[in-house]
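File shown: structure.txt (compact mmCIF, C-alpha atoms and all ligand atoms).
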```txt
# COMPACT_ATOMS: atom_id res chain seq x y z
CA MET G 1 0.63 142.08 80.52
CA THR G 2 -1.11 139.37 78.57
CA ASP G 3 -4.81 138.81 78.20
CA GLU G 4 -5.15 135.13 78.99
CA ASN G 5 -8.69 134.83 80.36
CA GLY G 6 -9.74 131.47 81.69
CA THR G 7 -8.44 129.63 84.71
CA VAL G 8 -4.95 129.24 86.08
CA ALA G 9 -3.75 126.71 88.65
CA LEU G 10 -1.29 128.23 91.11
CA ALA G 11 1.17 126.41 93.36
CA PHE G 12 -0.27 127.80 96.57
CA SER G 13 1.24 127.89 100.05
CA GLY G 14 -0.54 130.94 101.41
CA GLY G 15 2.82 132.67 101.89
CA LEU G 16 3.65 136.16 100.66
CA ASP G 17 4.73 135.22 97.12
CA THR G 18 1.76 133.06 96.27
CA THR G 19 -0.73 135.42 97.93
CA VAL G 20 0.53 138.32 95.83
CA CYS G 21 0.43 136.05 92.76
CA VAL G 22 -3.30 135.38 93.15
CA SER G 23 -4.01 139.04 92.74
CA LEU G 24 -1.46 139.63 89.98
CA LEU G 25 -2.67 136.68 87.90
CA LYS G 26 -6.01 138.45 87.62
CA GLU G 27 -4.85 142.06 87.49
CA GLU G 28 -1.79 141.71 85.30
CA TYR G 29 -2.34 138.50 83.42
CA GLY G 30 -6.08 138.77 82.85
CA TYR G 31 -7.08 135.39 84.27
CA ASP G 32 -10.72 135.20 85.38
CA GLU G 33 -10.12 132.56 87.96
CA VAL G 34 -7.22 131.32 90.05
CA ILE G 35 -7.32 127.94 91.74
CA GLY G 36 -4.75 127.28 94.44
CA VAL G 37 -3.13 123.87 94.75
CA THR G 38 -1.37 122.98 98.00
CA VAL G 39 0.54 119.72 98.01
CA ASP G 40 1.16 117.91 101.27
CA VAL G 41 4.78 116.76 101.45
CA GLY G 42 4.84 116.83 105.23
CA GLN G 43 4.60 120.52 106.07
CA PRO G 44 3.48 121.32 109.61
CA ASP G 45 -0.29 121.57 110.20
CA TYR G 46 -0.24 125.31 110.75
CA GLU G 47 0.97 125.84 107.19
CA PHE G 48 -2.17 124.15 105.89
CA GLU G 49 -4.36 126.15 108.24
CA GLU G 50 -2.71 129.35 107.06
CA ALA G 51 -3.05 128.37 103.41
CA GLU G 52 -6.71 127.52 103.90
CA GLU G 53 -7.45 130.79 105.69
CA THR G 54 -5.60 132.82 103.09
CA ALA G 55 -7.34 131.04 100.21
CA GLU G 56 -10.69 131.73 101.84
CA ALA G 57 -9.89 135.40 102.40
CA LEU G 58 -8.78 135.71 98.76
CA GLY G 59 -11.82 133.85 97.45
CA VAL G 60 -9.59 131.24 95.87
CA GLU G 61 -10.78 127.69 95.47
CA GLN G 62 -8.10 125.56 97.14
CA TYR G 63 -7.18 121.98 96.33
CA VAL G 64 -5.08 120.02 98.78
CA VAL G 65 -3.29 116.97 97.41
CA ASP G 66 -1.75 114.42 99.76
CA ALA G 67 1.61 113.37 98.30
CA LYS G 68 3.30 112.57 101.60
CA ALA G 69 3.76 108.85 101.02
CA GLU G 70 5.02 109.39 97.47
CA PHE G 71 7.47 111.97 98.75
CA ALA G 72 8.64 109.79 101.65
CA ASP G 73 9.32 106.96 99.20
CA LEU G 74 11.44 109.29 97.09
CA CYS G 75 13.38 110.33 100.20
CA LEU G 76 14.15 106.68 100.94
CA LYS G 77 15.34 106.28 97.35
CA ALA G 78 17.69 109.17 98.08
CA VAL G 79 18.99 107.23 101.08
CA LYS G 80 19.98 104.37 98.77
CA ALA G 81 21.96 106.92 96.77
CA ASN G 82 23.54 108.41 99.95
CA ALA G 83 22.24 111.61 98.42
CA ASP G 84 23.35 115.08 99.34
CA TYR G 85 24.32 118.19 97.40
CA GLN G 86 27.31 119.96 98.94
CA GLY G 87 26.16 118.58 102.30
CA TYR G 88 22.45 119.40 101.93
CA PRO G 89 20.22 116.30 101.91
CA LEU G 90 17.99 117.75 99.16
CA GLY G 91 14.62 118.11 100.94
CA THR G 92 13.33 121.00 98.86
CA ALA G 93 14.85 119.62 95.67
CA LEU G 94 13.25 116.18 96.07
CA ALA G 95 9.86 117.64 96.92
CA ARG G 96 9.55 119.89 93.87
CA PRO G 97 8.95 117.25 91.17
CA VAL G 98 6.36 115.59 93.40
CA ILE G 99 4.60 118.92 93.97
CA ALA G 100 4.86 119.93 90.30
CA LYS G 101 3.27 116.67 89.12
CA ALA G 102 0.44 116.91 91.63
CA ILE G 103 -0.38 120.48 90.59
CA LEU G 104 -0.24 119.57 86.90
CA SER G 105 -2.71 116.72 87.48
CA VAL G 106 -5.16 119.06 89.18
CA ALA G 107 -4.73 121.69 86.45
CA GLU G 108 -5.43 119.11 83.74
CA GLU G 109 -8.38 117.55 85.55
CA GLU G 110 -9.93 120.97 86.15
CA GLY G 111 -9.40 122.00 82.52
CA CYS G 112 -7.18 124.94 83.37
CA ASP G 113 -5.62 127.13 80.70
CA GLY G 114 -2.52 128.04 82.64
CA ILE G 115 -0.30 126.95 85.47
CA ALA G 116 1.73 129.27 87.70
CA HIS G 117 4.25 129.39 90.52
CA GLY G 118 5.46 132.17 92.80
CA CYS G 119 9.18 131.42 92.55
CA THR G 120 11.70 134.15 91.92
CA GLY G 121 14.04 134.22 88.96
CA LYS G 122 17.02 133.60 91.23
CA GLY G 123 16.37 130.20 92.72
CA ASN G 124 16.24 126.57 91.73
CA ASP G 125 12.56 125.92 92.25
CA GLN G 126 11.42 127.74 89.08
CA LEU G 127 13.60 125.33 87.07
CA ARG G 128 12.38 122.25 88.91
CA PHE G 129 8.69 123.15 88.48
CA GLU G 130 8.97 124.11 84.85
CA ALA G 131 11.02 121.05 83.89
CA ILE G 132 7.78 119.16 84.51
CA TRP G 133 5.16 121.67 83.47
CA ARG G 134 6.66 122.52 80.11
CA ASP G 135 5.87 119.00 79.00
CA SER G 136 2.17 120.02 79.00
CA ASP G 137 0.19 122.39 76.77
CA LEU G 138 -0.65 124.74 79.62
CA ALA G 139 0.64 128.31 79.58
CA VAL G 140 3.36 128.54 82.24
CA THR G 141 3.41 131.77 84.23
CA ALA G 142 5.85 132.98 86.86
CA PRO G 143 4.65 136.43 87.99
CA VAL G 144 7.35 137.12 90.58
CA ARG G 145 10.09 136.42 88.04
CA GLU G 146 8.37 137.96 85.03
CA LEU G 147 7.44 141.17 86.81
CA GLY G 148 10.81 141.35 88.58
CA LEU G 149 9.25 141.63 92.05
CA THR G 150 11.13 142.07 95.30
CA ARG G 151 9.95 140.99 98.75
CA GLU G 152 9.72 144.63 99.74
CA TRP G 153 7.49 145.45 96.77
CA GLU G 154 5.33 142.41 97.53
CA ASN G 155 4.87 143.45 101.15
CA GLU G 156 3.90 146.95 100.06
CA TYR G 157 1.51 145.64 97.37
CA ALA G 158 -0.10 143.27 99.87
CA ARG G 159 -0.64 146.15 102.28
CA GLU G 160 -2.16 148.40 99.60
CA GLN G 161 -4.46 145.67 98.31
CA GLY G 162 -5.36 144.56 101.82
CA LEU G 163 -4.14 141.02 101.11
CA PRO G 164 -3.92 138.66 104.06
CA VAL G 165 -0.21 138.17 104.73
CA GLU G 166 1.53 137.36 107.94
CA GLY G 167 3.19 140.44 109.35
CA GLY G 168 6.04 140.88 111.80
CA ASP G 169 8.61 138.26 112.63
CA GLY G 170 6.64 135.36 111.20
CA GLY G 171 7.47 136.54 107.72
CA ARG G 172 11.06 137.45 108.46
CA TYR G 173 12.61 134.38 106.84
CA SER G 174 11.75 132.41 103.76
CA ILE G 175 11.12 128.93 105.10
CA ASP G 176 10.49 125.73 103.22
CA THR G 177 9.50 122.72 105.29
CA ASN G 178 8.74 119.14 104.32
CA LEU G 179 9.31 115.68 105.76
CA TRP G 180 12.97 115.59 104.76
CA SER G 181 14.25 119.04 105.67
CA ARG G 182 13.48 122.52 106.86
CA SER G 183 15.27 125.35 105.08
CA ILE G 184 15.65 128.86 106.45
CA GLU G 185 16.71 131.68 104.14
CA GLY G 186 16.66 135.44 103.99
CA SER G 187 16.90 138.49 106.20
CA GLU G 188 20.18 138.74 108.19
CA LEU G 189 21.09 135.15 107.18
CA GLU G 190 21.83 136.43 103.69
CA ASP G 191 25.09 137.78 105.08
CA PRO G 192 27.31 134.67 105.26
CA SER G 193 29.23 136.17 108.18
CA THR G 194 26.15 136.48 110.39
CA ILE G 195 25.98 133.82 113.10
CA PRO G 196 22.34 132.66 113.15
CA SER G 197 20.41 133.07 116.34
CA ASP G 198 19.23 129.79 117.85
CA ASP G 199 15.59 130.60 117.24
CA ILE G 200 15.87 129.96 113.49
CA TYR G 201 15.80 126.26 114.44
CA LYS G 202 12.51 124.53 115.09
CA TRP G 203 13.32 120.84 114.61
CA THR G 204 16.61 120.62 116.43
CA GLU G 205 17.34 121.33 120.07
CA ASN G 206 20.53 123.03 121.01
CA PRO G 207 22.96 120.13 121.36
CA SER G 208 23.25 119.98 125.12
CA ALA G 209 23.98 117.62 127.94
CA LYS G 210 21.14 115.30 127.00
CA GLU G 211 21.97 111.64 127.68
CA PRO G 212 23.23 109.96 124.51
CA GLU G 213 20.77 107.57 122.87
CA LEU G 214 21.15 104.54 120.59
CA VAL G 215 18.84 103.87 117.64
CA GLU G 216 18.87 100.66 115.65
CA VAL G 217 17.89 101.09 112.01
CA THR G 218 16.93 98.02 109.97
CA PHE G 219 17.45 98.11 106.21
CA GLU G 220 16.01 95.89 103.51
CA ASP G 221 17.47 96.22 100.03
CA GLY G 222 18.94 99.56 101.02
CA GLU G 223 15.72 101.04 102.40
CA PRO G 224 15.11 101.64 106.09
CA VAL G 225 12.09 99.64 107.27
CA ALA G 226 12.26 99.57 111.08
CA LEU G 227 13.50 101.52 114.09
CA ASP G 228 14.56 99.60 117.18
CA GLY G 229 12.93 96.52 115.71
CA GLU G 230 9.56 98.16 115.10
CA ASP G 231 8.36 98.08 111.49
CA LEU G 232 7.26 101.52 110.30
CA ASP G 233 6.03 102.89 107.00
CA SER G 234 8.23 105.48 105.32
CA VAL G 235 6.32 108.52 106.61
CA GLU G 236 6.18 107.30 110.22
CA LEU G 237 9.82 106.31 110.15
CA VAL G 238 11.00 109.72 108.97
CA GLU G 239 8.67 111.60 111.33
CA GLN G 240 9.75 109.56 114.34
CA LEU G 241 13.44 110.02 113.59
CA ASN G 242 13.04 113.76 113.04
CA GLU G 243 11.73 114.00 116.61
CA GLN G 244 14.13 111.56 118.19
CA ALA G 245 17.33 112.83 116.57
CA GLY G 246 16.18 116.46 116.58
CA ALA G 247 16.05 116.27 120.38
CA HIS G 248 19.82 115.65 120.30
CA GLY G 249 20.44 118.55 117.95
CA VAL G 250 21.36 116.18 115.12
CA GLY G 251 21.12 117.44 111.54
CA ARG G 252 21.91 121.13 111.31
CA THR G 253 23.69 122.46 108.23
CA ASP G 254 24.93 126.01 107.73
CA MET G 255 26.52 126.22 104.30
CA MET G 256 27.27 128.07 101.12
CA GLU G 257 25.29 126.49 98.29
CA ASP G 258 25.96 126.87 94.58
CA ARG G 259 22.58 127.17 92.90
CA MET G 260 21.92 125.90 89.40
CA LEU G 261 22.14 129.39 87.93
CA GLY G 262 25.56 129.81 89.49
CA LEU G 263 24.53 132.08 92.36
CA LYS G 264 26.17 131.28 95.67
CA VAL G 265 23.78 131.51 98.61
CA ARG G 266 24.00 131.00 102.33
CA GLU G 267 21.64 128.27 103.45
CA ASN G 268 20.56 126.93 106.80
CA TYR G 269 18.90 123.55 107.06
CA GLU G 270 17.58 121.15 109.66
CA HIS G 271 17.26 117.46 108.74
CA PRO G 272 17.59 115.09 111.71
CA ALA G 273 16.02 111.99 110.11
CA ALA G 274 17.94 112.46 106.88
CA THR G 275 21.23 112.65 108.77
CA VAL G 276 20.52 109.49 110.74
CA LEU G 277 19.33 107.47 107.75
CA LEU G 278 22.13 108.59 105.46
CA THR G 279 24.74 107.87 108.13
CA ALA G 280 23.32 104.44 108.91
CA HIS G 281 22.90 103.49 105.26
CA GLU G 282 26.43 104.41 104.35
CA ALA G 283 27.69 102.43 107.34
CA LEU G 284 25.87 99.32 106.14
CA GLU G 285 27.19 99.74 102.61
CA GLY G 286 30.64 99.86 104.17
CA LEU G 287 30.06 96.35 105.50
CA VAL G 288 28.47 94.68 102.48
CA LEU G 289 29.93 96.28 99.36
CA THR G 290 33.34 95.51 97.95
CA GLN G 291 35.98 98.23 97.93
CA GLU G 292 35.62 98.79 94.19
CA GLU G 293 31.84 98.93 94.42
CA ARG G 294 32.08 101.54 97.17
CA GLN G 295 34.47 103.64 95.14
CA PHE G 296 32.41 103.50 91.98
CA LYS G 297 29.13 103.98 93.84
CA ALA G 298 30.41 107.22 95.36
CA GLN G 299 30.57 108.60 91.81
CA VAL G 300 27.15 107.21 90.90
CA ASP G 301 25.67 108.67 94.09
CA GLN G 302 27.15 112.06 93.36
CA GLN G 303 25.63 112.07 89.86
CA TRP G 304 22.26 110.93 91.23
CA SER G 305 22.38 113.74 93.80
CA GLN G 306 23.16 116.26 91.07
CA LYS G 307 20.12 115.18 89.02
CA ALA G 308 17.98 115.28 92.18
CA TYR G 309 19.23 118.79 92.93
CA GLU G 310 18.22 119.79 89.42
CA GLY G 311 14.75 118.31 89.97
CA LEU G 312 15.36 115.79 87.20
CA VAL G 313 14.59 112.56 89.05
CA ASP G 314 12.90 111.26 85.88
CA ALA G 315 15.86 111.84 83.55
CA PRO G 316 17.09 108.76 81.68
CA LEU G 317 20.47 109.19 83.38
CA THR G 318 18.80 109.07 86.80
CA GLY G 319 17.09 105.80 85.87
CA ALA G 320 20.34 104.30 84.62
CA LEU G 321 22.14 105.32 87.80
CA GLU G 322 19.32 103.77 89.82
CA ALA G 323 19.86 100.45 88.06
CA PHE G 324 23.35 100.36 89.58
CA ILE G 325 22.16 101.68 92.93
CA ASP G 326 19.37 99.09 93.16
CA ASP G 327 21.60 96.27 92.08
CA THR G 328 24.25 96.96 94.70
CA ASN G 329 21.61 97.66 97.34
CA GLU G 330 20.08 94.21 97.05
CA ARG G 331 22.73 93.30 99.62
CA VAL G 332 22.22 96.35 101.83
CA THR G 333 20.06 94.38 104.24
CA GLY G 334 20.81 94.30 107.93
CA THR G 335 20.93 96.58 110.94
CA VAL G 336 23.01 99.55 111.99
CA THR G 337 23.00 101.13 115.43
CA VAL G 338 23.81 104.81 115.58
CA LYS G 339 24.57 106.90 118.61
CA LEU G 340 22.85 110.26 118.94
CA GLU G 341 25.02 112.48 121.06
CA ALA G 342 25.41 116.24 121.39
CA GLY G 343 24.47 117.17 117.83
CA HIS G 344 26.22 114.18 116.29
CA CYS G 345 25.11 110.89 114.88
CA ARG G 346 27.66 108.17 114.30
CA PRO G 347 27.44 104.46 113.58
CA VAL G 348 28.52 102.28 116.49
CA SER G 349 27.46 98.82 115.25
CA ARG G 350 26.53 97.10 111.97
CA GLU G 351 25.40 93.58 111.06
CA SER G 352 24.38 91.88 107.84
CA GLU G 353 24.11 88.39 106.38
CA TYR G 354 25.86 89.85 103.31
CA ALA G 355 28.87 91.23 105.18
CA VAL G 356 32.00 90.99 103.04
CA TYR G 357 33.91 90.36 106.20
CA SER G 358 35.85 87.56 107.77
CA GLU G 359 36.63 88.18 111.40
CA SER G 360 39.33 85.49 111.46
CA ALA G 361 40.99 86.98 108.36
CA ALA G 362 41.14 90.49 109.82
CA SER G 363 41.80 89.53 113.44
CA PHE G 364 45.05 90.30 115.21
CA ASN G 365 44.66 87.03 117.09
CA GLU G 366 44.58 84.56 114.22
CA GLU G 367 47.58 83.45 112.26
CA ALA G 368 45.89 82.15 109.08
CA ILE G 369 44.08 84.59 106.81
CA THR G 370 41.76 82.53 104.63
CA GLY G 371 41.83 79.91 101.89
CA GLY G 372 45.32 78.78 102.87
CA ILE G 373 46.76 82.31 102.61
CA THR G 374 49.24 83.11 105.38
CA GLN G 375 50.82 86.32 106.61
CA GLN G 376 54.09 85.34 104.92
CA ASP G 377 52.33 85.43 101.55
CA ALA G 378 52.12 89.21 101.90
CA THR G 379 55.92 89.48 101.75
CA GLY G 380 55.97 89.37 97.95
CA VAL G 381 53.20 91.96 97.77
CA ALA G 382 55.08 94.18 100.22
CA LYS G 383 58.22 93.91 98.09
CA TYR G 384 56.35 95.02 95.00
CA HIS G 385 54.21 97.71 96.62
CA GLY G 386 55.39 101.15 95.58
CA PHE G 387 57.83 99.69 93.03
CA GLN G 388 56.80 102.05 90.24
CA SER G 389 56.91 105.13 92.46
CA ARG G 390 60.37 104.24 93.77
CA LEU G 391 61.58 103.68 90.22
CA ALA G 392 60.14 106.97 88.97
CA ASN G 393 61.59 108.93 91.90
CA ASP G 394 65.01 107.34 91.42
CA ILE G 395 65.02 108.22 87.73
CA LEU G 396 64.05 111.78 88.52
CA GLU G 397 66.75 112.03 91.16
CA ASP G 398 69.37 110.63 88.76
CA ALA G 399 68.29 112.99 86.03
CA LYS G 400 68.64 115.97 88.41
CA GLN G 401 72.09 114.83 89.50
CA GLY G 402 73.07 114.21 85.89
CA LYS G 403 71.99 117.75 85.06
CA THR G 404 74.04 119.16 87.94
CA ALA G 405 77.02 117.13 86.75
CA ALA G 406 76.51 118.36 83.19
CA ASP G 407 76.23 121.95 84.45
CA GLY G 408 79.42 121.36 86.46
CA SER G 409 81.32 120.03 83.46
CA GLY G 410 79.89 122.86 81.33
CA ASN G 411 81.25 125.41 83.79
CA ALA G 412 84.54 123.57 83.88
CA SER G 413 84.94 123.64 80.11
CA GLU G 414 84.29 127.38 80.11
CA GLU G 415 87.13 128.01 82.44
N1 LIG U 1 18.37 126.08 98.25
C1 LIG U 1 17.53 124.94 98.46
C2 LIG U 1 17.22 124.26 97.16
O1 LIG U 1 17.31 124.89 96.16
C3 LIG U 1 16.31 125.22 99.29
C4 LIG U 1 15.51 126.42 98.98
C5 LIG U 1 14.39 126.54 99.94
N2 LIG U 1 13.56 127.66 99.77
C6 LIG U 1 13.23 128.52 100.75
N3 LIG U 1 12.38 129.42 100.47
N4 LIG U 1 13.75 128.50 101.93
O2 LIG U 1 16.89 123.11 97.10
```
Let me see the file written as structure tokens.
Ligand code: ARG
Amino acid sequence: MTDENGTVALAFSGGLDTTVCVSLLKEEYGYDEVIGVTVDVGQPDYEFEEAEETAEALGVEQYVVDAKAEFADLCLKAVKANADYQGYPLGTALARPVIAKAILSVAEEEGCDGIAHGCTGKGNDQLRFEAIWRDSDLAVTAPVRELGLTREWENEYAREQGLPVEGGDGGRYSIDTNLWSRSIEGSELEDPSTIPSDDIYKWTENPSAKEPELVEVTFEDGEPVALDGEDLDSVELVEQLNEQAGAHGVGRTDMMEDRMLGLKVRENYEHPAATVLLTAHEALEGLVLTQEERQFKAQVDQQWSQKAYEGLVDAPLTGALEAFIDDTNERVTGTVTVKLEAGHCRPVSRESEYAVYSESAASFNEEAITGGITQQDATGVAKYHGFQSRLANDILEDAKQGKTAADGSGNASEE
């Protein structure tokens, strides 16, 4: 294709796409050297072992960057925004900017000429990576997209070239795992009518007769800081909840997702910690925010989630939305207890010093409301409530009857 020469930094996982890319970047793009960059956002250990082995077998120098804490902090920011996209808590989407920045730093430090990823031209990740990389002077290369490769072709090419790729069932699905979620795509799951077999799940047990369990989550300024009273850092907190809630089968999503390019895809996700934290956070907001804040924040949250899905967590709009989110979340301090039960997680208790709540005002057992307001004061409100609707409906009704009368008289005059 092109004759780049020099060195290219490749987003490297050791999976089929990136393994094939190593070879193609030399053969087709003319690079002399490929360095692989693997960014730790909480993938399981075996993925790093695999990546290391593959890099060694390919003779690729591999850099591993630890971005786990940075990523976990971003996930907790997403909690403040009650963030999800069509029901998906955005694990892959949130990880991409973190990964892209880490790879770019390595590429710049190592004086690379180019930077590459193994994403296809159909997904979101190409857009999320390049939104960050195209701010640099490096040549951006996407071999799988540019050469129009299919998984089948890649498997065949890997076999011919003797590249080390995992055969058999291990490579059946395209899986993306990080602290926040595990996504399973491909193979028979591409047919939206296929019911997935239970073995696609690795984080969540089949919701069974396990005894229900309570977890108390403590929030400070909208961010979870402790579980059952024990202070934990963001990584520990998410890891612990993934295990604890996963054991109850909490956090499975099987959905149709509208990708940025407009393609609809069937997605399967597991995200136990995300489900618990998002549920608990929203429950606490329900206690401390005013009705109008909750209504407006739902719109702000949705916009924040959209930018996160697009991989644009640094957009000016995202920052402006965060100003509102942070401001309202200064009061989201307190505890929520959730019940983990048979695949579900629901809030069962909430407490906060900022609760916008007066038990005596709401109680069925107290006569007075508050500030001298009594039940009888609601009579006037009740008289007015719905006034405009009643008026509009009456006018409509009259107009219809008037028309019937007019039609009637019209007919009469014809006779
Ligand atoms: N559709 C999701 C997203 O765009 C996740 C994609 C995960 N990739 C994978 N190979 N399973 O954020």
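Neighbours of ligand LIG 1 (chain U) at a cut-off of 7 Å, computed so that all atoms listed in the file are counted, are the residues Leu90, Gly91, Thr92, Ala93, Gly123, Asn124, Asp125, Ser174, Ile175, Asp176, Ser183, Ile184, Glu185, Glu257, Arg259, Glu267 and Tyr309 of chain G.
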Preceding selection exported with C-alpha atoms as a PDB file, in the frame of the given file:
```pdb
ATOM      1  CA  LEU G  90      17.990 117.750  99.160  1.00  0.00           C
ATOM      2  CA  GLY G  91      14.620 118.110 100.940  1.00  0.00           C
ATOM      3  CA  THR G  92      13.330 121.000  98.860  1.00  0.00           C
ATOM      4  CA  ALA G  93      14.850 119.620  95.670  1.00  0.00           C
ATOM      5  CA  GLY G 123      16.370 130.200  92.720  1.00  0.00           C
ATOM      6  CA  ASN G 124      16.240 126.570  91.730  1.00  0.00           C
ATOM      7  CA  ASP G 125      12.560 125.920  92.250  1.00  0.00           C
ATOM      8  CA  SER G 174      11.750 132.410 103.760  1.00  0.00           C
ATOM      9  CA  ILE G 175      11.120 128.930 105.100  1.00  0.00           C
ATOM     10  CA  ASP G 176      10.490 125.730 103.220  1.00  0.00           C
ATOM     11  CA  SER G 183      15.270 125.350 105.080  1.00  0.00           C
ATOM     12  CA  ILE G 184      15.650 128.860 106.450  1.00  0.00           C
ATOM     13  CA  GLU G 185      16.710 131.680 104.140  1.00  0.00           C
ATOM     14  CA  GLU G 257      25.290 126.490  98.290  1.00  0.00           C
ATOM     15  CA  ARG G 259      22.580 127.170  92.900  1.00  0.00           C
ATOM     16  CA  GLU G 267      21.640 128.270 103.450  1.00  0.00           C
ATOM     17  CA  TYR G 309      19.230 118.790  92.930  1.00  0.00           C
TER      18      TYR G 309
END
```
Could you name the residues that touch Gln86 of chain G at 10 Å or less, counting all atoms listed in the file, but leaving out those on the same chain fewer than 4 positions away, as a PDB file with C-alpha atoms, in the frame of the given file?
```
ATOM      1  CA  LEU G  90      17.990 117.750  99.160  1.00  0.00           C
ATOM      2  CA  MET G 255      26.520 126.220 104.300  1.00  0.00           C
ATOM      3  CA  MET G 256      27.270 128.070 101.120  1.00  0.00           C
ATOM      4  CA  GLU G 257      25.290 126.490  98.290  1.00  0.00           C
ATOM      5  CA  ASP G 258      25.960 126.870  94.580  1.00  0.00           C
ATOM      6  CA  GLN G 302      27.150 112.060  93.360  1.00  0.00           C
ATOM      7  CA  SER G 305      22.380 113.740  93.800  1.00  0.00           C
ATOM      8  CA  GLN G 306      23.160 116.260  91.070  1.00  0.00           C
TER       9      GLN G 306
END
```
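Shortest separation to Val238 of chain G among G:Tyr269, G:Trp153, G:Phe71, G:Tyr384 occurs at residue G:Phe71, atoms counted being all atoms listed in the file.
Put simply, atom CA of Asp113 of chain G is 5.6 Å away from atom CA of Leu138 of chain G.
Atom to atom, atom CA of Lys210 of chain G and atom CA of Asn178 of chain G stand 26.1 Å apart.
One finds atom CA of Leu289 of chain G at 24.1 Å from atom CA of Thr374 of chain G.
Among the candidates G:His385, G:His281, G:Lys122, G:Lys80, the one nearest to Glu216 of chain G when counting all atoms listed in the file is G:His281.
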*Which neighbours of Glu236 of chain G fall inside 12 Å, counting all atoms listed in the file, when residues of the same chain fewer than 3 positions from it are skipped, and could you give them as a ChimeraX atom specification?*
/G:42,68-69,72-73,179,224-227,230-233,239-243,273
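Between His271 of chain G and the residues G:Gly372, G:Pro316, G:Gly87, G:Pro97, the shortest atom-to-atom distance, using all atoms listed in the file, involves G:Gly87.
Nearest to Ile103 of chain G of all the residues G:Cys21, G:Ala11, G:Tyr46, G:Thr150 is G:Ala11, counting all atoms listed in the file.
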*Within 8 Å of segment 282-287 of chain G, counting only C-alpha atoms, which residues qualify if same-chain residues fewer than 5 places away don't, as a PyMOL selection string?*
chain G and resi 82+294+329+332-336+347+350-352+355-357
Name the residues in contact with Leu149 of chain G at a cut-off of 10 Å, using all atoms listed in the file, excluding same-chain residues fewer than 4 positions from it; report them as a short mmCIF file (atom, residue, chain, number, x, y, z; two decimals) with C-alpha atoms, keeping the file's coordinate frame.
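Once everything was written out, this is selection_1.cif:
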```
data_model
loop_
_atom_site.label_atom_id
_atom_site.label_comp_id
_atom_site.auth_asym_id
_atom_site.auth_seq_id
_atom_site.Cartn_x
_atom_site.Cartn_y
_atom_site.Cartn_z
CA ASP G 17 4.73 135.22 97.12
CA THR G 120 11.70 134.15 91.92
CA GLY G 121 14.04 134.22 88.96
CA PRO G 143 4.65 136.43 87.99
CA VAL G 144 7.35 137.12 90.58
CA ARG G 145 10.09 136.42 88.04
CA TRP G 153 7.49 145.45 96.77
CA GLU G 154 5.33 142.41 97.53
#
```
_Exercise: Glu152 of chain G partners within 12 Å, all atoms listed in the file, chain neighbours under 4 positions left out, as a PyMOL selection string_ = chain G and resi 16-17+20+148+156-159+171-172+187
*In terms of the shortest atom-to-atom distance over only C-alpha atoms, which of G:Val79, G:Leu396, G:Ile132, G:Val313 is closest to Val276 of chain G?*
G:Val79
Keeping just C-alpha atoms, export segment 58-83 of chain G of this structure as an mmCIF file, in the first residue's frame.
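In the end it all went to selection-v9.cif:
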```cif
data_model
loop_
_atom_site.group_PDB
_atom_site.id
_atom_site.type_symbol
_atom_site.label_atom_id
_atom_site.label_comp_id
_atom_site.auth_asym_id
_atom_site.auth_seq_id
_atom_site.Cartn_x
_atom_site.Cartn_y
_atom_site.Cartn_z
ATOM 1 C CA LEU G 58 5.888 -12.163 16.711
ATOM 2 C CA GLY G 59 9.108 -10.478 17.797
ATOM 3 C CA VAL G 60 7.200 -7.356 18.751
ATOM 4 C CA GLU G 61 8.439 -5.134 21.523
ATOM 5 C CA GLN G 62 5.496 -4.818 23.915
ATOM 6 C CA TYR G 63 4.736 -1.934 26.251
ATOM 7 C CA VAL G 64 2.211 -2.420 29.019
ATOM 8 C CA VAL G 65 0.699 0.723 30.496
ATOM 9 C CA ASP G 66 -1.250 0.581 33.754
ATOM 10 C CA ALA G 67 -4.289 2.855 33.395
ATOM 11 C CA LYS G 68 -6.557 0.944 35.755
ATOM 12 C CA ALA G 69 -6.911 3.665 38.385
ATOM 13 C CA GLU G 70 -7.496 6.359 35.763
ATOM 14 C CA PHE G 71 -10.129 4.187 34.142
ATOM 15 C CA ALA G 72 -11.822 3.333 37.446
ATOM 16 C CA ASP G 73 -12.041 7.042 38.260
ATOM 17 C CA LEU G 74 -13.737 7.667 34.916
ATOM 18 C CA CYS G 75 -16.215 4.869 35.663
ATOM 19 C CA LEU G 76 -17.106 6.536 38.951
ATOM 20 C CA LYS G 77 -17.619 9.801 37.079
ATOM 21 C CA ALA G 78 -20.057 7.872 34.906
ATOM 22 C CA VAL G 79 -21.893 6.817 38.065
ATOM 23 C CA LYS G 80 -22.443 10.479 38.933
ATOM 24 C CA ALA G 81 -24.019 10.864 35.500
ATOM 25 C CA ASN G 82 -26.155 7.696 35.954
ATOM 26 C CA ALA G 83 -24.591 6.842 32.627
#
```
